[in-house]
Structure formats: structure tokens, C-alpha cells
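The structure file target11.pdb is reproduced below (PDB, C-alpha atoms).
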```
ATOM      1  CA  MET A 940     -47.117  88.148 -23.206
ATOM      2  CA  VAL A 941     -48.878  89.213 -26.365
ATOM      3  CA  LEU A 942     -51.886  91.509 -26.107
ATOM      4  CA  CYS A 943     -54.420  91.971 -28.876
ATOM      5  CA  ASP A 944     -57.941  93.200 -29.423
ATOM      6  CA  GLU A 945     -61.013  90.959 -29.462
ATOM      7  CA  ARG A 946     -60.573  90.316 -33.188
ATOM      8  CA  LEU A 947     -56.996  89.124 -32.572
ATOM      9  CA  ARG A 948     -55.587  92.237 -34.261
ATOM     10  CA  ASP A 949     -53.204  94.941 -33.153
ATOM     11  CA  ALA A 950     -50.966  92.464 -31.347
ATOM     12  CA  LYS A 951     -48.173  93.845 -29.196
ATOM     13  CA  ALA A 952     -45.641  92.134 -26.975
ATOM     14  CA  VAL A 953     -45.571  93.137 -23.303
ATOM     15  CA  PHE A 954     -43.233  91.834 -20.601
ATOM     16  CA  VAL A 955     -44.889  90.743 -17.355
ATOM     17  CA  GLU A 956     -42.435  89.405 -14.798
ATOM     18  CA  HIS A 957     -45.029  87.874 -12.471
ATOM     19  CA  LEU A 958     -48.417  86.392 -13.285
ATOM     20  CA  ALA A 959     -49.944  88.335 -10.399
ATOM     21  CA  ASN A 960     -49.108  91.488 -12.383
ATOM     22  CA  LEU A 961     -51.259  90.523 -15.368
ATOM     23  CA  PRO A 962     -53.543  93.398 -16.378
ATOM     24  CA  ARG A 963     -56.961  92.865 -14.793
ATOM     25  CA  ALA A 964     -58.598  93.979 -18.048
ATOM     26  CA  LEU A 965     -57.515  90.712 -19.704
ATOM     27  CA  ARG A 966     -60.239  88.291 -20.668
ATOM     28  CA  VAL A 967     -57.883  85.424 -21.524
ATOM     29  CA  ALA A 968     -54.259  84.742 -20.619
ATOM     30  CA  ALA A 969     -52.529  81.668 -22.030
ATOM     31  CA  VAL A 970     -49.389  80.563 -20.188
ATOM     32  CA  ASP A 971     -46.887  77.787 -20.825
ATOM     33  CA  VAL A 972     -46.796  76.723 -17.180
ATOM     34  CA  PRO A 973     -48.497  73.657 -15.668
ATOM     35  CA  ILE A 974     -51.771  74.549 -13.955
ATOM     36  CA  GLY A 975     -53.687  72.090 -11.803
ATOM     37  CA  LEU A 976     -50.947  70.063 -10.173
ATOM     38  CA  PRO A 977     -51.663  66.613  -8.782
ATOM     39  CA  ASP A 978     -50.738  65.625  -5.242
ATOM     40  CA  ARG A 979     -49.441  62.392  -6.754
ATOM     41  CA  GLY A 980     -49.171  60.793 -10.170
ATOM     42  CA  SER A 981     -49.140  62.438 -13.560
ATOM     43  CA  ARG A 982     -51.648  64.681 -15.266
ATOM     44  CA  GLU A 983     -53.849  63.378 -18.033
ATOM     45  CA  ALA A 984     -53.235  66.618 -19.984
ATOM     46  CA  ASP A 985     -49.510  65.866 -20.220
ATOM     47  CA  THR A 986     -50.099  62.240 -21.185
ATOM     48  CA  LEU A 987     -52.555  63.224 -23.927
ATOM     49  CA  ALA A 988     -50.287  65.998 -25.237
ATOM     50  CA  ARG A 989     -47.364  63.567 -25.533
ATOM     51  CA  LYS A 990     -49.603  61.055 -27.294
ATOM     52  CA  LEU A 991     -50.924  63.646 -29.767
ATOM     53  CA  LEU A 992     -47.430  64.904 -30.556
ATOM     54  CA  GLY A 993     -46.044  61.406 -31.033
ATOM     55  CA  HIS A 994     -42.385  60.490 -31.239
ATOM     56  CA  PRO A 995     -40.045  62.358 -30.936
ATOM     57  CA  ARG A 996     -41.945  65.646 -30.374
ATOM     58  CA  GLY A 997     -43.819  64.247 -27.383
ATOM     59  CA  ARG A 998     -40.620  64.397 -25.347
ATOM     60  CA  SER A 999     -40.945  68.189 -25.291
ATOM     61  CA  VAL A1000     -43.880  67.807 -22.868
ATOM     62  CA  PHE A1001     -42.121  66.871 -19.660
ATOM     63  CA  PRO A1002     -43.854  65.676 -16.492
ATOM     64  CA  CYS A1003     -44.989  68.422 -14.165
ATOM     65  CA  PRO A1004     -44.060  68.184 -10.510
ATOM     66  CA  ILE A1005     -46.505  67.044  -7.885
ATOM     67  CA  ARG A1006     -47.706  69.815  -5.584
ATOM     68  CA  PRO A1007     -45.756  68.566  -2.503
ATOM     69  CA  ALA A1008     -42.489  69.106  -4.421
ATOM     70  CA  LEU A1009     -43.153  72.839  -4.789
ATOM     71  CA  GLY A1010     -42.195  73.584  -1.188
ATOM     72  CA  ALA A1011     -38.672  72.206  -1.652
ATOM     73  CA  ASP A1012     -35.655  74.512  -1.654
ATOM     74  CA  THR A1013     -33.465  72.255  -3.790
ATOM     75  CA  ARG A1014     -33.915  69.794  -6.635
ATOM     76  CA  GLU A1015     -32.636  67.034  -4.367
ATOM     77  CA  GLU A1016     -35.301  67.798  -1.756
ATOM     78  CA  ALA A1017     -38.028  68.018  -4.434
ATOM     79  CA  SER A1018     -36.876  64.693  -5.873
ATOM     80  CA  ALA A1019     -36.864  63.058  -2.450
ATOM     81  CA  ARG A1020     -40.411  64.253  -1.738
ATOM     82  CA  THR A1021     -41.608  63.086  -5.147
ATOM     83  CA  GLU A1022     -39.862  59.741  -4.870
ATOM     84  CA  ARG A1023     -41.448  59.044  -1.462
ATOM     85  CA  ILE A1024     -44.919  59.749  -2.858
ATOM     86  CA  ASP A1025     -44.629  58.705  -6.492
ATOM     87  CA  GLY A1026     -41.494  56.647  -7.001
ATOM     88  CA  ARG A1027     -40.021  59.100  -9.517
ATOM     89  CA  ARG A1028     -37.635  62.028  -9.362
ATOM     90  CA  ILE A1029     -37.682  65.639 -10.599
ATOM     91  CA  SER A1030     -35.848  66.283 -13.874
ATOM     92  CA  GLN A1031     -33.415  69.180 -14.188
ATOM     93  CA  GLN A1032     -35.738  70.681 -16.811
ATOM     94  CA  THR A1033     -38.715  70.563 -14.437
ATOM     95  CA  TRP A1034     -36.684  71.944 -11.538
ATOM     96  CA  GLY A1035     -35.600  74.828 -13.776
ATOM     97  CA  ILE A1036     -39.163  76.161 -13.898
ATOM     98  CA  VAL A1037     -40.411  75.160 -10.434
ATOM     99  CA  ARG A1038     -40.299  78.807  -9.315
ATOM    100  CA  LYS A1039     -42.737  79.768 -12.110
ATOM    101  CA  ILE A1040     -44.882  76.686 -11.483
ATOM    102  CA  ARG A1041     -45.062  77.600  -7.777
ATOM    103  CA  GLU A1042     -46.030  81.172  -8.697
ATOM    104  CA  ALA A1043     -48.805  79.986 -11.055
ATOM    105  CA  ASP A1044     -50.064  77.409  -8.552
ATOM    106  CA  THR A1045     -50.287  80.000  -5.771
ATOM    107  CA  LEU A1046     -52.061  82.492  -8.023
ATOM    108  CA  MET A1047     -54.589  79.952  -9.267
ATOM    109  CA  ARG A1048     -55.351  78.728  -5.759
ATOM    110  CA  THR A1049     -55.797  82.205  -4.249
ATOM    111  CA  ASP A1050     -57.168  84.470  -6.985
ATOM    112  CA  GLU A1051     -60.677  83.971  -8.355
ATOM    113  CA  TRP A1052     -60.030  86.360 -11.259
ATOM    114  CA  ALA A1053     -57.015  84.312 -12.352
ATOM    115  CA  ARG A1054     -58.992  81.054 -12.241
ATOM    116  CA  GLY A1055     -61.389  82.502 -14.813
ATOM    117  CA  VAL A1056     -58.793  84.117 -17.083
ATOM    118  CA  VAL A1057     -55.460  82.256 -16.930
ATOM    119  CA  HIS A1058     -55.246  79.016 -18.898
ATOM    120  CA  GLU A1059     -52.419  76.592 -19.525
ATOM    121  CA  VAL A1060     -51.317  76.025 -23.105
ATOM    122  CA  HIS A1061     -48.883  73.572 -24.633
ATOM    123  CA  PRO A1062     -47.089  75.563 -27.367
ATOM    124  CA  GLU A1063     -45.839  72.280 -28.793
ATOM    125  CA  LEU A1064     -49.442  71.334 -29.606
ATOM    126  CA  SER A1065     -50.120  74.761 -31.099
ATOM    127  CA  PHE A1066     -47.092  74.439 -33.358
ATOM    128  CA  ALA A1067     -48.015  70.890 -34.347
ATOM    129  CA  THR A1068     -51.675  71.639 -35.112
ATOM    130  CA  GLY A1069     -51.382  75.211 -36.401
ATOM    131  CA  PRO A1070     -51.024  76.096 -40.094
ATOM    132  CA  ALA A1071     -47.267  75.384 -40.132
ATOM    133  CA  GLY A1072     -47.669  72.020 -38.371
ATOM    134  CA  ARG A1073     -50.282  70.571 -40.706
TER     135      ARG A1073
END
```

Can you present the structure in this file as C-alpha cells?
Amino acid sequence: MVLCDERLRDAKAVFVEHLANLPRALRVAAVDVPIGLPDRGSREADTLARKLLGHPRGRSVFPCPIRPALGADTREEASARTERIDGRRISQQTWGIVRKIREADTLMRTDEWARGVVHEVHPELSFATGPAGR
């Protein structure tokens, strides 16, 4: 995580292992983890991000899992749950971050402070639309 003052100065990098350990003094926290998981289907945010990035960069925005897949202990189980509901499977890339997605989903569903402060970002869009991406 990078902390800075209100004028976006004095930036410093800080390691936070779990989102629940974010400093409560934060006013904004931007995380590269899907927030707001569907029970089925895909999220409009992911579809729009892929569209804005175009080909081939849009492939870097992979589909987030559906919430029922988060309770699975293995990728195979998560894929089976997703396939029953949605007709698709969980990619290895998605499964690789399911633990962090589960952590963010739990925090956002149980912590009012987090719902007001923690926001999902797509770094790919930041890179594409920032000064270097123009």
C-alpha cells in the first residue's frame, strides 16, 4: 500500500498483509481485488474495463469469481460450483487470488468503515489512461 498526505505528497510504501489491518485513519484505500461479486454472471465493471482497454490489453482483466465459488477449498470445487450456476469454470489465474478476493468480500460485507473507504481499482486502466498511457 502507498500512503500519502491529502495533497498526494510524501508518499511512502507500507506493507499490509490483510485488508482488515488497514489503518483506520485512511480516507481512501484503492485495492486491485474484485469488490462486489455477483451470485451469477459477470460484472459490468470487468466488461467495461476490457472494452476500454481493447485488444490485447483487455485480456489482463480476467473474470472475477461468483460469490458461491468463494467457499470452495479447491479450484476443481470452485469450477464445479461456477459451472452449475453459470456454465463457466474458474481460471487458474482467478483461483490464484481467490483467498484475497474472499478476504475483501468478507471485509466489505461486514465492516461499514471499509465500505466507505476501500475501493476497487483496475491498475490496467490507470496505466492505459495515465500520463504514460496517453

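For the structure shown here, the set of residues caught by the PyMOL selection byres ((chain A and resi 971) around 10) is Ala969, Val970, Val972, Pro973, Ile974, Lys1039, Ile1040, His1058, Glu1059, Val1060, His1061, Pro1062 and Glu1063 of chain A.
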
Could you turn the residues from that selection into a file that holds C-alpha atoms, as an mmCIF file, keeping the file's coordinate frame?
```cif
data_model
loop_
_atom_site.group_PDB
_atom_site.id
_atom_site.type_symbol
_atom_site.label_atom_id
_atom_site.label_comp_id
_atom_site.auth_asym_id
_atom_site.auth_seq_id
_atom_site.Cartn_x
_atom_site.Cartn_y
_atom_site.Cartn_z
ATOM 1 C CA ALA A 969 -52.529 81.668 -22.030
ATOM 2 C CA VAL A 970 -49.389 80.563 -20.188
ATOM 3 C CA VAL A 972 -46.796 76.723 -17.180
ATOM 4 C CA PRO A 973 -48.497 73.657 -15.668
ATOM 5 C CA ILE A 974 -51.771 74.549 -13.955
ATOM 6 C CA LYS A 1039 -42.737 79.768 -12.110
ATOM 7 C CA ILE A 1040 -44.882 76.686 -11.483
ATOM 8 C CA HIS A 1058 -55.246 79.016 -18.898
ATOM 9 C CA GLU A 1059 -52.419 76.592 -19.525
ATOM 10 C CA VAL A 1060 -51.317 76.025 -23.105
ATOM 11 C CA HIS A 1061 -48.883 73.572 -24.633
ATOM 12 C CA PRO A 1062 -47.089 75.563 -27.367
ATOM 13 C CA GLU A 1063 -45.839 72.280 -28.793
#
```

Any chance you could tabulate, as a Markdown table, the residues of range 953-1021 of chain A at most 12 Å from range 1047-1050 of chain A with each one's nearest atom pair and distance in Å to one decimal, using only C-alpha atoms, in chain and rising number order?
```
| residue | atom | partner | partner_atom | distance |
| --- | --- | --- | --- | --- |
| A:Leu958 | CA | A:Met1047 | CA | 9.8 |
| A:Ala959 | CA | A:Asp1050 | CA | 8.9 |
| A:Asn960 | CA | A:Asp1050 | CA | 12.0 |
| A:Leu961 | CA | A:Asp1050 | CA | 11.9 |
| A:Arg963 | CA | A:Asp1050 | CA | 11.5 |
| A:Val972 | CA | A:Met1047 | CA | 11.6 |
| A:Pro973 | CA | A:Met1047 | CA | 10.8 |
| A:Ile974 | CA | A:Met1047 | CA | 7.7 |
| A:Gly975 | CA | A:Met1047 | CA | 8.3 |
| A:Leu976 | CA | A:Met1047 | CA | 10.6 |
| A:Arg1006 | CA | A:Arg1048 | CA | 11.7 |
```

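Here the residues that fall within 12 Å of (-35.8, 71.1, -13.7), using only C-alpha atoms, are given as A:Phe1001, A:Pro1002, A:Cys1003, A:Pro1004, A:Ala1008, A:Leu1009, A:Thr1013, A:Arg1014, A:Glu1015, A:Ala1017, A:Ser1018, A:Arg1028, A:Ile1029, A:Ser1030, A:Gln1031, A:Gln1032, A:Thr1033, A:Trp1034, A:Gly1035, A:Ile1036, A:Val1037, A:Arg1038, A:Lys1039, A:Ile1040.
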
Writer output for current selection, C-alpha atoms, as a PDB file, in the coordinates of the input:
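The file below, again-v8.pdb, is the result:
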```pdb
ATOM      1  CA  PHE A1001     -42.121  66.871 -19.660  1.00  0.00           C
ATOM      2  CA  PRO A1002     -43.854  65.676 -16.492  1.00  0.00           C
ATOM      3  CA  CYS A1003     -44.989  68.422 -14.165  1.00  0.00           C
ATOM      4  CA  PRO A1004     -44.060  68.184 -10.510  1.00  0.00           C
ATOM      5  CA  ALA A1008     -42.489  69.106  -4.421  1.00  0.00           C
ATOM      6  CA  LEU A1009     -43.153  72.839  -4.789  1.00  0.00           C
ATOM      7  CA  THR A1013     -33.465  72.255  -3.790  1.00  0.00           C
ATOM      8  CA  ARG A1014     -33.915  69.794  -6.635  1.00  0.00           C
ATOM      9  CA  GLU A1015     -32.636  67.034  -4.367  1.00  0.00           C
ATOM     10  CA  ALA A1017     -38.028  68.018  -4.434  1.00  0.00           C
ATOM     11  CA  SER A1018     -36.876  64.693  -5.873  1.00  0.00           C
ATOM     12  CA  ARG A1028     -37.635  62.028  -9.362  1.00  0.00           C
ATOM     13  CA  ILE A1029     -37.682  65.639 -10.599  1.00  0.00           C
ATOM     14  CA  SER A1030     -35.848  66.283 -13.874  1.00  0.00           C
ATOM     15  CA  GLN A1031     -33.415  69.180 -14.188  1.00  0.00           C
ATOM     16  CA  GLN A1032     -35.738  70.681 -16.811  1.00  0.00           C
ATOM     17  CA  THR A1033     -38.715  70.563 -14.437  1.00  0.00           C
ATOM     18  CA  TRP A1034     -36.684  71.944 -11.538  1.00  0.00           C
ATOM     19  CA  GLY A1035     -35.600  74.828 -13.776  1.00  0.00           C
ATOM     20  CA  ILE A1036     -39.163  76.161 -13.898  1.00  0.00           C
ATOM     21  CA  VAL A1037     -40.411  75.160 -10.434  1.00  0.00           C
ATOM     22  CA  ARG A1038     -40.299  78.807  -9.315  1.00  0.00           C
ATOM     23  CA  LYS A1039     -42.737  79.768 -12.110  1.00  0.00           C
ATOM     24  CA  ILE A1040     -44.882  76.686 -11.483  1.00  0.00           C
TER      25      ILE A1040
END
```

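Take the candidates A:Ala988, A:Phe954, A:Asp1012, A:Glu945 and check each one against Ala1067 in chain A using only C-alpha atoms; the shortest distance goes to A:Ala988.
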
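Proximity ranking of A:Ala964, A:Val1000, A:Val955, A:Arg1020 relative to Leu987 in chain A places A:Val1000 first, based on all atoms listed in the file.
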
CA of Ile1005 in chain A to CA of Ser981 in chain A measures 7.8 Å

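Of note, CA of Leu965 in chain A and CA of Cys943 in chain A are spaced 9.8 Å apart.
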
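Counting all atoms listed in the file, the residue from A:His957, A:Val967, A:Pro995, A:Val1057 that sits nearest to Arg1041 in chain A is A:His957.
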
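CA of Leu1064 in chain A is positioned 9.0 Å from CA of Arg989 in chain A.
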
Glu1042 in chain A proximity check over A:Gly997, A:Gly1010, A:Ala968, A:Leu947, using all atoms listed in the file: winner is A:Gly1010

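Proximity ranking of A:Arg1054, A:Arg979, A:Arg966, A:His994 relative to Ile1024 in chain A places A:Arg979 first, based on only C-alpha atoms.
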
Among A:Glu956, A:Pro962, A:Ala1019, A:Leu991, Leu942 in chain A is approached most closely, using only C-alpha atoms, by A:Pro962
